[in-house]
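The block underneath contains the structure these notes are about, expressed in structure tokens.
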Amino acid sequence: MPFAMLVKKELREALPWATLAFFVIIILGLLQHLVMIDSDWYWELRYRYENNIRDSDLFKYNQFATTTLIIAITAIPLGLILGFCQFWLPYINGTWAFTLHRSVQREAILWSKIISSLIIFAISCLCPWLFLYYLSLNIPLPPLFLIFLSGVEFILLGIIAYFSIAICVTNNFKWYTTKFFVLLFSIIIILTCYSYNLQHDTFLVIIISLILFLTFKLMYQFKICEFK
Amino acid sequence: MPDYVIETNDLTYFHGNQLAVDHLNLNIERGRIYGFLGRNGAGKSTTIKLLLGLLRPTAGSSRVLGCDSQSLTPEIRGRIGYVTEGHMLYRWMRISQLETFQKAFFPKQWDQKLFDDMLDYFELSKKKKIRQLSNGQRAQVSLALTVAPNPELLIMDDPTLGLDVAIRRQFLEGMIQLIQAQGRTILFSSHILSDIERVADTIGVMDKSVLRADCSLVEFRESIKKCRFHYKDNLPQHVDIEGLLHIRRNETELECTLVKTSEEKIVEFANQTNALEYKFLDLNMEDQFIEFTQSATKERLFHWEVN
């Protein structure tokens, strides 16, 4: 029950941002969908490639691919905002002491934050993305599963942004030394992956490994962190 | 063997390069109401955060309710009530929501009647949001939330900071009622002397990161004296008297602030220096505190056993 209460509190605090992210994805996604339905260009493309359509062309010309950008511009800022709100704001408004001094392990407080963020990512980003993908299956040039996967990758990048910020905020280093090292490290890994144009499965393995690494790092960091 | 609720052993903490707590050795017995005094930046809040494991000591250690501060278990935390400095609560919550939130962590200990009585006493409605409350009201909510789980040890970090006189009095009276009703141990930090004087039976004075006094309030009040010696024109150049904190002089008078100096020693000094007369000046607690902290050196000047 205490843990559920902590999760509930975190969800309530993140509600405005979660709602905003949800509606940004749904509204922009639906607008994009309307464009796709109305576009003659689609029918033309379909005609042109009638019997000779390749996966790479589908990926290249499918406008649904641009919808993934909506996920990118929403999920990554959402991760940064959640990280700041959950770990940095309590320093600003001085509520860390009130939050931490209660009859639960410190780890429970951390996990309540992480789980609530994962729930928010699932509801605000993954659900609308699934819905838009499902909707787009009926357009003349249906998207590939790989395009769906690239959207999921952006959501995972949002989660990486969340963990990176959480680690940066909770470490006690000076801002001009190694405070933002973890964020920099994550950015470098992701940019390197993109520059090598990796296959989706390889990229996913790297992202998930990075998330696991950041989770362990945050758990350790939170345990030894000082709350001034 | 005394039953200490709080024990520190050479507890030391640095904020960056700055020494915040210097080899603190503090022992608080069960049932005491300990007033933790000090000016702003003296190291009171840092000490409290170290005791609660929110900060990690640079050196030394501390134990609260028999458990190391750095590894306080949820069970021990549940027995410690903590009123944070500035009464920082979740601003978006209503009092009723905060009550539900807090209650979830202390389902067995929570005293609903006490919580409701305190809100009634402070005339607070549960429907109000924290952001709508004044500083004083927030302090009252904070006290009610902390006290309702019936903590064995209550630690309050400057709870009356920023409150006006009337609210402060109401807050302290609420606190006194609680203290009288149930024999808790209370550690109460403040730089408002009158508050400490009203509620504490034992005090500790922190100054520039050092604990300079640790004694009963009565002893503190009785031991710091200011004595004015009157001379014709031959003021002594060197003043050598036991327990001297500092001196002020003009052409014919010498004013000495003394700590634990017996009257015999004062008479002896007056005779030796050919003083025409001497008299003790009235000092209230604030005067005593200022005299004491102004002149203290880095050493711990005195320590009295609590009776």
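In the structure tokens, the first chain shown is A, the next is B, and so on; residue numbers restart at 1 for each chain, and ligands run from 1 in the order shown.
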Mind listing as an mmCIF file with N, CA, C and O atoms, in the first residue's frame which residues of chain B are within 9 Å of chain A, counting only C-alpha atoms?
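Once everything was written out, this is iface.cif:
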```
data_model
loop_
_atom_site.group_PDB
_atom_site.id
_atom_site.type_symbol
_atom_site.label_atom_id
_atom_site.label_comp_id
_atom_site.auth_asym_id
_atom_site.auth_seq_id
_atom_site.Cartn_x
_atom_site.Cartn_y
_atom_site.Cartn_z
ATOM 1 N N THR B 46 22.212 20.778 9.174
ATOM 2 C CA THR B 46 23.125 19.759 8.641
ATOM 3 C C THR B 46 23.212 18.585 9.617
ATOM 4 O O THR B 46 23.167 17.423 9.202
ATOM 5 N N LYS B 49 20.096 16.531 9.332
ATOM 6 C CA LYS B 49 20.095 15.726 8.098
ATOM 7 C C LYS B 49 21.074 14.557 8.201
ATOM 8 O O LYS B 49 20.835 13.490 7.645
ATOM 9 N N LEU B 52 19.445 11.837 10.218
ATOM 10 C CA LEU B 52 18.388 11.117 9.499
ATOM 11 C C LEU B 52 18.897 10.423 8.234
ATOM 12 O O LEU B 52 18.114 9.876 7.462
ATOM 13 N N GLY B 53 20.190 10.479 8.016
ATOM 14 C CA GLY B 53 20.778 9.768 6.881
ATOM 15 C C GLY B 53 20.547 10.443 5.540
ATOM 16 O O GLY B 53 20.751 9.829 4.501
ATOM 17 N N LEU B 54 20.160 11.711 5.568
ATOM 18 C CA LEU B 54 19.966 12.426 4.299
ATOM 19 C C LEU B 54 21.303 12.940 3.767
ATOM 20 O O LEU B 54 21.443 13.223 2.587
ATOM 21 N N LEU B 55 22.267 13.075 4.662
ATOM 22 C CA LEU B 55 23.630 13.437 4.270
ATOM 23 C C LEU B 55 24.562 12.351 4.789
ATOM 24 O O LEU B 55 24.247 11.693 5.782
ATOM 25 N N ARG B 56 25.685 12.210 4.145
ATOM 26 C CA ARG B 56 26.677 11.201 4.580
ATOM 27 C C ARG B 56 27.833 11.919 5.275
ATOM 28 O O ARG B 56 28.410 12.854 4.697
ATOM 29 N N LEU B 72 19.249 3.474 8.439
ATOM 30 C CA LEU B 72 17.999 3.455 9.201
ATOM 31 C C LEU B 72 16.998 2.555 8.480
ATOM 32 O O LEU B 72 16.748 2.718 7.285
ATOM 33 N N THR B 73 16.429 1.635 9.211
ATOM 34 C CA THR B 73 15.461 0.724 8.589
ATOM 35 C C THR B 73 14.096 1.429 8.514
ATOM 36 O O THR B 73 13.856 2.391 9.255
ATOM 37 N N PRO B 74 13.207 0.951 7.637
ATOM 38 C CA PRO B 74 11.865 1.557 7.576
ATOM 39 C C PRO B 74 11.179 1.541 8.946
ATOM 40 O O PRO B 74 10.474 2.485 9.299
ATOM 41 N N GLU B 75 11.424 0.475 9.714
ATOM 42 C CA GLU B 75 10.785 0.361 11.030
ATOM 43 C C GLU B 75 11.267 1.492 11.959
ATOM 44 O O GLU B 75 10.463 2.126 12.636
ATOM 45 N N ILE B 76 12.566 1.746 11.927
ATOM 46 C CA ILE B 76 13.124 2.820 12.776
ATOM 47 C C ILE B 76 12.630 4.180 12.279
ATOM 48 O O ILE B 76 12.236 5.043 13.067
ATOM 49 N N ARG B 77 12.636 4.354 10.961
ATOM 50 C CA ARG B 77 12.142 5.623 10.398
ATOM 51 C C ARG B 77 10.703 5.883 10.832
ATOM 52 O O ARG B 77 10.316 7.012 11.089
ATOM 53 N N GLY B 78 9.933 4.807 10.900
ATOM 54 C CA GLY B 78 8.540 4.929 11.317
ATOM 55 C C GLY B 78 8.393 5.408 12.756
ATOM 56 O O GLY B 78 7.356 5.937 13.136
ATOM 57 N N ARG B 79 9.468 5.238 13.526
ATOM 58 C CA ARG B 79 9.421 5.665 14.935
ATOM 59 C C ARG B 79 9.974 7.080 15.122
ATOM 60 O O ARG B 79 10.023 7.593 16.223
ATOM 61 N N ILE B 80 10.438 7.663 14.017
ATOM 62 C CA ILE B 80 10.985 9.028 14.093
ATOM 63 C C ILE B 80 10.083 9.986 13.314
ATOM 64 O O ILE B 80 9.837 9.779 12.128
ATOM 65 N N GLY B 81 9.612 11.001 13.978
ATOM 66 C CA GLY B 81 8.848 12.046 13.283
ATOM 67 C C GLY B 81 9.796 13.162 12.922
ATOM 68 O O GLY B 81 10.685 13.505 13.698
ATOM 69 N N TYR B 82 9.637 13.711 11.734
ATOM 70 C CA TYR B 82 10.568 14.755 11.280
ATOM 71 C C TYR B 82 9.784 15.917 10.670
ATOM 72 O O TYR B 82 9.104 15.749 9.662
ATOM 73 N N VAL B 83 9.888 17.057 11.319
ATOM 74 C CA VAL B 83 9.289 18.276 10.758
ATOM 75 C C VAL B 83 10.407 18.996 10.016
ATOM 76 O O VAL B 83 11.381 19.429 10.622
ATOM 77 N N THR B 84 10.253 19.081 8.692
ATOM 78 C CA THR B 84 11.350 19.614 7.883
ATOM 79 C C THR B 84 11.432 21.139 7.986
ATOM 80 O O THR B 84 10.439 21.798 8.287
ATOM 81 N N GLU B 85 12.607 21.636 7.701
ATOM 82 C CA GLU B 85 12.819 23.081 7.719
ATOM 83 C C GLU B 85 11.961 23.733 6.636
ATOM 84 O O GLU B 85 11.953 23.267 5.493
ATOM 85 N N GLY B 86 11.216 24.739 6.966
ATOM 86 C CA GLY B 86 10.381 25.436 5.987
ATOM 87 C C GLY B 86 9.057 24.735 5.700
ATOM 88 O O GLY B 86 8.273 25.193 4.893
ATOM 89 N N HIS B 87 8.853 23.571 6.327
ATOM 90 C CA HIS B 87 7.589 22.825 6.190
ATOM 91 C C HIS B 87 7.226 22.598 4.728
ATOM 92 O O HIS B 87 6.152 22.976 4.263
ATOM 93 N N MET B 88 8.172 22.005 4.019
ATOM 94 C CA MET B 88 7.953 21.768 2.593
ATOM 95 C C MET B 88 7.081 20.535 2.384
ATOM 96 O O MET B 88 7.509 19.425 2.640
ATOM 97 N N LEU B 89 5.881 20.771 1.932
ATOM 98 C CA LEU B 89 4.933 19.687 1.655
ATOM 99 C C LEU B 89 4.565 19.758 0.177
ATOM 100 O O LEU B 89 4.919 20.719 -0.502
ATOM 101 N N TYR B 90 3.851 18.749 -0.301
ATOM 102 C CA TYR B 90 3.442 18.754 -1.717
ATOM 103 C C TYR B 90 2.357 19.805 -1.905
ATOM 104 O O TYR B 90 1.254 19.674 -1.382
ATOM 105 N N TRP B 92 0.483 20.734 -4.309
ATOM 106 C CA TRP B 92 -0.733 20.475 -5.091
ATOM 107 C C TRP B 92 -1.764 19.675 -4.307
ATOM 108 O O TRP B 92 -2.922 19.574 -4.692
ATOM 109 N N THR B 100 -4.157 11.131 3.772
ATOM 110 C CA THR B 100 -4.239 9.777 3.205
ATOM 111 C C THR B 100 -2.847 9.268 2.833
ATOM 112 O O THR B 100 -2.508 8.105 3.080
ATOM 113 N N PHE B 101 -2.073 10.158 2.229
ATOM 114 C CA PHE B 101 -0.716 9.800 1.802
ATOM 115 C C PHE B 101 0.127 9.386 3.003
ATOM 116 O O PHE B 101 0.742 8.327 3.008
ATOM 117 N N GLN B 102 0.119 10.229 4.027
ATOM 118 C CA GLN B 102 0.945 9.982 5.205
ATOM 119 C C GLN B 102 0.473 8.734 5.964
ATOM 120 O O GLN B 102 1.278 7.940 6.432
ATOM 121 N N LYS B 103 -0.841 8.596 6.035
ATOM 122 C CA LYS B 103 -1.444 7.482 6.781
ATOM 123 C C LYS B 103 -1.031 6.122 6.189
ATOM 124 O O LYS B 103 -0.882 5.142 6.915
ATOM 125 N N ALA B 104 -0.850 6.104 4.877
ATOM 126 C CA ALA B 104 -0.510 4.854 4.198
ATOM 127 C C ALA B 104 0.810 4.268 4.714
ATOM 128 O O ALA B 104 1.033 3.070 4.642
ATOM 129 N N PHE B 105 1.678 5.144 5.230
ATOM 130 C CA PHE B 105 2.982 4.674 5.699
ATOM 131 C C PHE B 105 2.961 4.266 7.177
ATOM 132 O O PHE B 105 3.886 3.654 7.672
ATOM 133 N N PHE B 106 1.920 4.666 7.866
ATOM 134 C CA PHE B 106 1.825 4.349 9.304
ATOM 135 C C PHE B 106 0.435 3.810 9.624
ATOM 136 O O PHE B 106 -0.279 4.380 10.450
#
```
DSSP alpha helix (DSSP H) residues within stretch 13-222 of chain A, listed as JSON, numbers by chain: {"A": [13, 14, 15, 16, 17, 18, 19, 20, 21, 22, 23, 24, 25, 26, 27, 28, 29, 30, 31, 32, 33, 34, 35, 36, 37, 38, 40, 41, 42, 43, 44, 45, 46, 47, 48, 55, 56, 57, 58, 59, 60, 61, 64, 65, 66, 67, 68, 69, 70, 71, 72, 73, 74, 75, 76, 77, 78, 79, 80, 81, 82, 83, 89, 90, 91, 92, 96, 97, 98, 99, 100, 106, 107, 108, 109, 110, 111, 112, 113, 114, 115, 116, 117, 118, 119, 120, 121, 127, 128, 129, 130, 131, 132, 133, 134, 135, 136, 145, 146, 147, 148, 149, 150, 151, 152, 153, 154, 155, 156, 157, 158, 159, 160, 161, 162, 163, 164, 165, 166, 167, 168, 169, 170, 181, 182, 183, 184, 185, 186, 187, 188, 189, 190, 191, 192, 193, 194, 195, 200, 201, 202, 203, 204, 205, 206, 207, 208, 209, 210, 211, 212, 213, 214, 215, 216, 217, 218, 219, 220, 221, 222]}
Saved selection, atoms kept: C-alpha atoms, as a compact mmCIF listing (two decimals), in the first residue's frame:
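Generated file (selection.txt):
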```
# COMPACT_ATOMS: atom_id res chain seq x y z
CA GLU A 13 2.46 14.93 -10.34
CA ALA A 14 3.34 13.91 -13.89
CA LEU A 15 -0.25 13.98 -15.10
CA PRO A 16 -0.09 17.38 -16.88
CA TRP A 17 2.98 16.38 -18.88
CA ALA A 18 1.63 12.91 -19.62
CA THR A 19 -1.65 14.39 -20.86
CA LEU A 20 0.16 16.95 -22.99
CA ALA A 21 2.35 14.27 -24.59
CA PHE A 22 -0.67 12.05 -25.23
CA PHE A 23 -2.63 14.77 -26.99
CA VAL A 24 0.34 16.03 -29.00
CA ILE A 25 0.87 12.54 -30.42
CA ILE A 26 -2.81 11.86 -31.02
CA ILE A 27 -3.60 15.23 -32.62
CA LEU A 28 -0.49 15.48 -34.80
CA GLY A 29 -0.77 11.78 -35.68
CA LEU A 30 -4.40 12.13 -36.74
CA LEU A 31 -3.61 15.20 -38.84
CA GLN A 32 -0.86 13.26 -40.54
CA HIS A 33 -3.29 10.40 -41.07
CA LEU A 34 -5.78 12.74 -42.77
CA VAL A 35 -3.03 13.93 -45.09
CA MET A 36 -2.18 10.33 -45.94
CA ILE A 37 -5.79 9.41 -46.76
CA ASP A 38 -6.37 12.47 -48.96
CA ASP A 40 -3.34 11.45 -54.53
CA TRP A 41 0.38 10.99 -54.42
CA TYR A 42 -0.20 7.79 -52.52
CA TRP A 43 -2.35 6.30 -55.20
CA GLU A 44 0.21 7.34 -57.76
CA LEU A 45 2.98 5.71 -55.80
CA ARG A 46 0.93 2.59 -55.43
CA TYR A 47 0.35 2.51 -59.19
CA ARG A 48 4.00 3.16 -59.98
CA ASP A 55 10.62 -2.76 -48.70
CA SER A 56 13.19 0.01 -48.87
CA ASP A 57 10.91 2.04 -51.18
CA LEU A 58 8.01 1.53 -48.86
CA PHE A 59 10.10 2.77 -45.99
CA LYS A 60 11.38 5.68 -48.02
CA TYR A 61 8.11 6.90 -49.45
CA PHE A 64 3.68 7.21 -41.94
CA ALA A 65 7.42 7.17 -41.38
CA THR A 66 7.21 10.91 -40.70
CA THR A 67 4.74 10.17 -37.90
CA THR A 68 7.65 8.58 -36.03
CA LEU A 69 9.11 12.07 -35.83
CA ILE A 70 6.07 13.06 -33.75
CA ILE A 71 7.02 10.30 -31.34
CA ALA A 72 10.63 11.52 -31.32
CA ILE A 73 9.75 15.13 -30.60
CA THR A 74 7.35 14.05 -27.86
CA ALA A 75 8.96 11.08 -26.12
CA ILE A 76 12.45 12.52 -25.73
CA PRO A 77 11.32 15.86 -24.21
CA LEU A 78 8.83 13.92 -22.08
CA GLY A 79 11.72 11.85 -20.69
CA LEU A 80 13.74 14.97 -19.96
CA ILE A 81 10.79 16.69 -18.28
CA LEU A 82 9.88 13.67 -16.16
CA GLY A 83 13.50 13.31 -15.07
CA LEU A 89 12.16 19.79 -8.57
CA PRO A 90 12.23 18.25 -5.08
CA TYR A 91 15.61 19.96 -4.61
CA ILE A 92 14.10 23.26 -5.73
CA TRP A 96 13.12 15.57 -0.74
CA ALA A 97 13.34 15.36 3.05
CA PHE A 98 9.57 14.98 3.39
CA THR A 99 9.50 12.33 0.66
CA LEU A 100 12.45 10.33 1.92
CA ARG A 106 14.86 4.47 -0.19
CA GLU A 107 14.83 2.05 -3.13
CA ALA A 108 11.03 1.89 -2.95
CA ILE A 109 10.87 5.64 -3.46
CA LEU A 110 13.14 5.38 -6.47
CA TRP A 111 11.19 2.48 -7.97
CA SER A 112 7.91 4.33 -7.51
CA LYS A 113 9.35 7.08 -9.67
CA ILE A 114 10.70 4.70 -12.30
CA ILE A 115 7.53 2.62 -12.53
CA SER A 116 5.29 5.65 -12.72
CA SER A 117 7.45 7.01 -15.56
CA LEU A 118 7.28 3.71 -17.43
CA ILE A 119 3.49 3.72 -17.02
CA ILE A 120 3.40 7.26 -18.38
CA PHE A 121 5.53 6.32 -21.38
CA CYS A 127 -0.73 3.47 -26.72
CA PRO A 128 -1.24 6.40 -29.13
CA TRP A 129 1.52 5.01 -31.33
CA LEU A 130 -0.17 1.59 -31.46
CA PHE A 131 -3.46 3.29 -32.24
CA LEU A 132 -1.96 5.35 -35.08
CA TYR A 133 -0.23 2.30 -36.50
CA TYR A 134 -3.45 0.34 -36.41
CA LEU A 135 -5.25 3.21 -38.13
CA SER A 136 -2.63 3.48 -40.83
CA PHE A 145 6.30 -3.12 -39.10
CA LEU A 146 9.83 -1.67 -39.18
CA ILE A 147 8.35 1.81 -39.18
CA PHE A 148 6.32 0.88 -36.13
CA LEU A 149 9.51 -0.40 -34.56
CA SER A 150 11.36 2.85 -35.21
CA GLY A 151 8.60 4.64 -33.26
CA VAL A 152 9.11 2.24 -30.38
CA GLU A 153 12.82 2.99 -30.54
CA PHE A 154 12.10 6.69 -30.10
CA ILE A 155 10.01 5.89 -27.04
CA LEU A 156 12.94 3.93 -25.64
CA LEU A 157 15.16 6.93 -26.37
CA GLY A 158 12.75 8.96 -24.25
CA ILE A 159 13.28 6.49 -21.43
CA ILE A 160 17.04 6.81 -21.87
CA ALA A 161 16.68 10.59 -21.64
CA TYR A 162 14.69 10.14 -18.41
CA PHE A 163 17.31 7.92 -16.78
CA SER A 164 20.22 10.07 -17.96
CA ILE A 165 18.70 13.23 -16.50
CA ALA A 166 17.78 11.45 -13.27
CA ILE A 167 21.41 10.34 -12.85
CA CYS A 168 22.78 13.79 -13.72
CA VAL A 169 20.47 15.48 -11.21
CA THR A 170 21.07 13.10 -8.32
CA PHE A 181 28.71 13.00 -18.11
CA VAL A 182 26.03 10.29 -18.21
CA LEU A 183 23.78 12.36 -20.48
CA LEU A 184 26.72 12.99 -22.78
CA PHE A 185 27.58 9.31 -22.73
CA SER A 186 24.03 8.33 -23.76
CA ILE A 187 23.94 10.92 -26.54
CA ILE A 188 27.27 9.68 -27.92
CA ILE A 189 26.13 6.03 -27.90
CA ILE A 190 22.88 6.86 -29.68
CA LEU A 191 24.52 9.13 -32.27
CA THR A 192 27.11 6.44 -32.92
CA CYS A 193 24.35 3.88 -33.49
CA TYR A 194 22.60 6.20 -35.95
CA SER A 195 25.81 7.02 -37.77
CA HIS A 200 16.74 -2.46 -35.95
CA ASP A 201 17.41 -5.57 -33.90
CA THR A 202 21.00 -4.55 -33.14
CA PHE A 203 19.89 -1.04 -32.33
CA LEU A 204 17.18 -2.35 -30.00
CA VAL A 205 19.67 -4.58 -28.19
CA ILE A 206 21.98 -1.61 -27.66
CA ILE A 207 19.16 0.65 -26.44
CA ILE A 208 17.81 -1.94 -24.01
CA SER A 209 21.31 -2.65 -22.71
CA LEU A 210 21.83 1.07 -22.21
CA ILE A 211 18.53 1.33 -20.31
CA LEU A 212 19.55 -1.54 -18.05
CA PHE A 213 22.94 0.02 -17.43
CA LEU A 214 21.35 3.38 -16.60
CA THR A 215 18.83 1.70 -14.27
CA PHE A 216 21.59 0.04 -12.25
CA LYS A 217 23.59 3.26 -12.25
CA LEU A 218 20.58 5.23 -10.98
CA MET A 219 19.85 2.64 -8.29
CA TYR A 220 23.41 2.89 -7.01
CA GLN A 221 23.46 6.67 -7.31
CA PHE A 222 20.19 7.12 -5.46
```
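Atom CA of B:Phe188 to atom CA of B:Gln70 spans 21.0 Å [interatomic distance, one decimal].
If you look at atom CA of B:Glu263 and atom CA of B:Arg228, they are 13.1 Å away from each other.
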Top pick for closest residue to B:Asp233, considering B:Arg221, B:Arg249, B:Lys129, B:Lys108 and counting only C-alpha atoms: B:Arg249
